[in-house]
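Pasting model_0.txt here (compact mmCIF, C-alpha atoms):
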# COMPACT_ATOMS: atom_id res chain seq x y z
CA MET C 81 99.03 108.59 85.48
CA SER C 82 96.84 105.51 85.68
CA MET C 83 97.59 102.43 87.75
CA THR C 84 96.97 98.90 86.55
CA PHE C 85 95.94 96.26 89.05
CA GLY C 86 96.06 92.53 88.43
CA CYS C 87 95.06 89.13 89.73
CA ILE C 88 96.14 85.54 89.27
CA ASP C 89 93.40 82.94 89.55
CA LEU C 90 95.47 80.37 91.42
CA THR C 91 93.04 77.58 90.53
CA ALA C 92 94.00 78.12 86.86
CA THR C 93 97.71 77.53 87.51
CA ALA C 94 99.78 74.36 87.29
CA TYR C 95 102.99 75.74 88.80
CA ILE C 96 105.02 73.50 91.09
CA ALA C 97 106.73 74.73 94.27
CA SER C 98 110.23 73.92 93.03
CA LEU C 99 112.40 76.59 94.68
CA ASN C 100 113.76 76.21 98.18
CA TYR C 101 112.35 79.00 100.32
CA TYR C 102 111.95 79.94 103.96
CA MET C 103 109.02 81.68 105.58
CA LEU C 104 111.03 84.32 107.40
CA ASN C 105 110.15 84.45 111.08
CA PRO C 106 111.73 86.36 112.64
CA VAL C 107 112.14 88.68 109.69
CA PRO C 108 115.80 89.69 109.10
CA ILE C 109 114.93 93.30 108.35
CA ASP C 110 118.50 94.50 107.70
CA GLN C 111 119.04 91.74 105.13
CA LEU C 112 115.71 92.47 103.42
CA GLN C 113 116.53 96.16 103.22
CA LYS C 114 119.96 95.43 101.68
CA VAL C 115 118.42 93.24 98.97
CA TYR C 116 115.82 95.96 98.36
CA ARG C 117 118.53 98.64 97.98
CA ASP C 118 120.43 96.40 95.52
CA TYR C 119 117.20 95.78 93.59
CA CYS C 120 116.34 99.48 93.34
CA LYS C 121 119.88 100.38 92.24
CA HIS C 122 119.85 97.65 89.58
CA LYS C 123 116.50 98.88 88.24
CA ASN C 124 117.60 102.55 88.38
CA PHE C 125 114.32 103.56 90.02
CA HIS C 126 113.85 107.32 90.26
CA SER C 127 111.44 107.05 93.18
CA VAL C 128 111.03 104.24 95.71
CA MET C 129 108.73 103.44 98.59
CA PRO C 130 110.78 103.04 101.79
CA MET C 131 110.93 99.61 103.37
CA VAL C 132 110.49 100.74 106.94
CA PRO C 133 110.85 97.93 109.50
CA GLY C 134 107.20 98.04 110.57
CA ARG C 135 106.07 97.21 107.05
CA PHE C 136 107.41 93.66 107.47
CA LEU C 137 105.73 93.20 110.86
CA VAL C 138 102.09 94.00 110.07
CA PRO C 139 99.83 91.13 111.26
CA GLY C 140 98.84 88.86 108.38
CA THR C 141 102.15 89.45 106.58
CA GLU C 142 104.20 86.55 105.24
CA VAL C 143 107.73 86.98 103.89
CA PHE C 144 109.33 84.35 101.67
CA GLY C 145 113.14 84.27 101.62
CA TYR C 146 115.34 82.73 98.94
CA TYR C 147 118.99 82.06 99.80
CA GLY C 148 122.05 81.48 97.64
CA GLU C 149 125.73 81.10 98.31
CA HIS C 150 126.00 84.81 99.29
CA GLY C 151 123.08 84.72 101.73
CA LEU C 152 119.63 86.17 101.18
CA GLN C 153 119.25 86.92 97.48
CA ALA C 154 115.49 87.47 97.09
CA TRP C 155 112.34 87.96 99.11
CA SER C 156 108.62 88.39 98.57
CA MET C 157 106.11 89.89 100.98
CA TYR C 158 102.39 89.06 101.00
CA ARG C 159 99.38 90.15 102.99
CA ILE C 160 96.72 87.58 103.76
CA TRP C 161 93.36 89.21 103.11
CA ASP C 162 91.09 86.27 103.90
CA ASP C 163 90.97 82.48 103.44
CA GLN C 164 90.88 82.86 99.63
CA SER C 165 92.91 85.97 98.81
CA VAL C 166 96.46 87.26 99.22
CA VAL C 167 98.01 90.44 97.87
CA CYS C 168 101.61 90.69 96.80
CA ASP C 169 102.97 93.64 98.74
CA HIS C 170 106.48 93.60 97.33
CA HIS C 171 109.29 91.54 95.87
CA ALA C 172 113.00 92.26 95.51
CA TRP C 173 116.08 90.36 94.42
CA ASP C 174 119.72 91.30 94.12
CA TYR C 175 120.35 90.25 90.46
CA ARG C 176 123.72 88.66 91.38
CA VAL C 177 122.75 85.64 89.28
CA PRO C 178 120.41 87.06 86.62
CA GLN C 179 119.92 83.73 84.83
CA LEU C 180 117.93 82.52 87.87
CA ARG C 181 115.13 84.91 86.83
CA LEU C 182 114.07 85.14 90.47
CA GLY C 183 111.36 87.69 89.75
CA ARG C 184 109.33 85.27 87.68
CA THR C 185 110.44 81.93 89.16
CA SER C 186 109.77 83.02 92.73
CA LEU C 187 106.29 84.23 91.72
CA GLU C 188 105.54 80.88 90.08
CA ASN C 189 106.76 79.17 93.25
CA GLU C 190 104.58 81.36 95.46
CA CYS C 191 101.53 80.76 93.25
CA ALA C 192 101.99 77.03 93.84
CA VAL C 193 102.50 77.47 97.59
CA TYR C 194 99.38 79.60 98.07
CA ARG C 195 97.26 77.48 95.71
CA ASP C 196 98.32 74.32 97.58
CA ARG C 197 97.35 76.02 100.85
CA GLY C 198 93.82 76.56 99.46
CA PHE C 199 93.98 80.18 98.34
CA LYS C 200 92.18 81.08 95.11
CA PHE C 201 93.38 84.58 94.24
CA MET C 202 96.67 86.49 94.30
CA TYR C 203 96.28 90.24 93.75
CA PHE C 204 98.81 92.83 92.58
CA GLU C 205 98.72 96.59 93.09
CA SER C 206 101.40 96.97 90.43
CA VAL C 207 101.50 95.02 87.18
CA GLU C 208 104.76 94.28 85.38
CA SER C 209 104.96 93.26 81.72
CA TYR C 210 106.11 89.69 82.44
CA MET C 211 102.92 89.03 84.43
CA TYR C 212 100.77 89.02 81.29
CA SER C 213 102.22 85.62 80.36
CA MET C 214 101.60 84.08 83.80
CA GLN C 215 99.02 81.29 84.04
CA GLY C 216 95.67 82.58 85.34
CA PHE C 217 96.66 86.27 85.12
CA LYS C 218 94.25 89.05 84.24
CA THR C 219 94.14 92.80 84.71
CA LEU C 220 91.33 94.17 86.83
CA GLY C 221 88.92 96.60 85.23
CA PRO C 222 86.97 99.53 86.64
CA ILE C 223 84.14 99.13 89.11
CA GLU C 224 80.96 98.35 87.20
Take the structure I supplied and represent it as structure tokens, if you would.
Amino acid sequence: MSMTFGCIDLTATAYIASLNYYMLNPVPIDQLQKVYRDYCKHKNFHSVMPMVPGRFLVPGTEVFGYYGEHGLQAWSMYRIWDDQSVVCDHHAWDYRVPQLRLGRTSLENECAVYRDRGFKFMYFESVESYMYSMQGFKTLGPIE
């Protein structure tokens, strides 16, 4: 099995931060884990990485939270690598309102937030098919 890694050149994006979000601090770990369980069940994943509490508390970690009428409905976790680069550690949403397309719309929102903060690159250790149509997206090749 081969993994595909990706990157969004944030300077090549024109997304606008249009979703209401909160930078979660303190991190409501129980709520994040519930959304994650709902996400994994919806996707019918056969194998999942556990969301142990310490994963959310690593220094340099930022967690975006998106709330709806039923409480927390989506979150995204990033690691700040340096003053130009962030890596998307994980994202989950509960799919209660599928027409919101929170997977893609939250990513567009987060691209705008990080770009506006001066970051240039957003990296991904897992590439999903919808990412190929994102502004500034490319897959990363082998070491040359």
Could I get the residues of region 184-224 of chain C with an atom no further than 9 Å from an atom of region 153-169 of chain C, each paired with its nearest atom pair and that distance in Å to one decimal, using only C-alpha atoms, sorted by chain and residue number, as CSV?
residue,atom,partner,partner_atom,distance
C:Ser186,CA,C:Ser156,CA,8.0
C:Leu187,CA,C:Ser156,CA,8.3
C:Glu190,CA,C:Ser156,CA,8.7
C:Tyr194,CA,C:Val166,CA,8.3
C:Gly198,CA,C:Gln164,CA,7.0
C:Phe199,CA,C:Gln164,CA,4.3
C:Lys200,CA,C:Gln164,CA,5.0
C:Phe201,CA,C:Ser165,CA,4.8
C:Met202,CA,C:Val166,CA,5.0
C:Tyr203,CA,C:Val167,CA,4.5
C:Phe204,CA,C:Cys168,CA,5.5
C:Glu205,CA,C:Cys168,CA,7.5
C:Ser206,CA,C:Cys168,CA,8.9
**Q.** Sphere at (117.9, 83.4, 98.0), radius 12 Å, counting only C-alpha atoms: residues as a VMD selection string
**A.** chain C and resid 99 to 104 111 to 112 115 144 to 156 172 to 177 180 to 183 185 to 186
Q) Which residues come within 7 Å of Phe217 (chain C), counting only C-alpha atoms, excluding same-chain residues fewer than 4 positions away, as a list of chain:residue names? A)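 The neighbour list is C:Cys87, C:Ile88, C:Asp89, C:Met211, C:Tyr212.
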Q. Separation of CA of Thr141 (chain C) and CA of Ile96 (chain C), in Å?
A.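 Result for CA of Thr141 (chain C) versus CA of Ile96 (chain C): 22.4 Å, one decimal.
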Q: Record the distance separating CA of Asn189 (chain C) and CA of Thr93 (chain C), expressed in Å with one decimal.
A: 10.8 Å
Q | Between CA of Val143 (chain C) and CA of Asn105 (chain C), distance in Å (one decimal) | A |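 Atom-to-atom, CA of Val143 (chain C) and CA of Asn105 (chain C) are spaced 8.0 Å apart.
Each of C:Gln113, C:Ser213, C:Gln179, C:Thr84 was checked against Met131 (chain C) using only C-alpha atoms; the smallest atom-to-atom distance is that of C:Gln113.
Counting only C-alpha atoms, the residue from C:Leu90, C:Val193, C:Asp110, C:Gln215 that sits nearest to Glu142 (chain C) is C:Val193.
Considering all atoms listed in the file, the residue among C:Ala192, C:Arg197, C:Lys121, C:Val138 positioned nearest to Gly216 (chain C) is C:Ala192.
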Q: Using all atoms listed in the file, pick whichever of C:Gly86, C:His171, C:Thr219, C:Ser209 has the shortest atom-to-atom distance to Cys120 (chain C).
A: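 Among the listed residues, C:His171 lies closest to Cys120 (chain C).
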Q: Find, counting all atoms listed in the file, the residue in C:Glu188, C:Arg195, C:Lys218, C:Phe136 that gets nearest to Ser98 (chain C).
A: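 Nearest candidate to Ser98 (chain C) out of C:Glu188, C:Arg195, C:Lys218, C:Phe136: C:Glu188.
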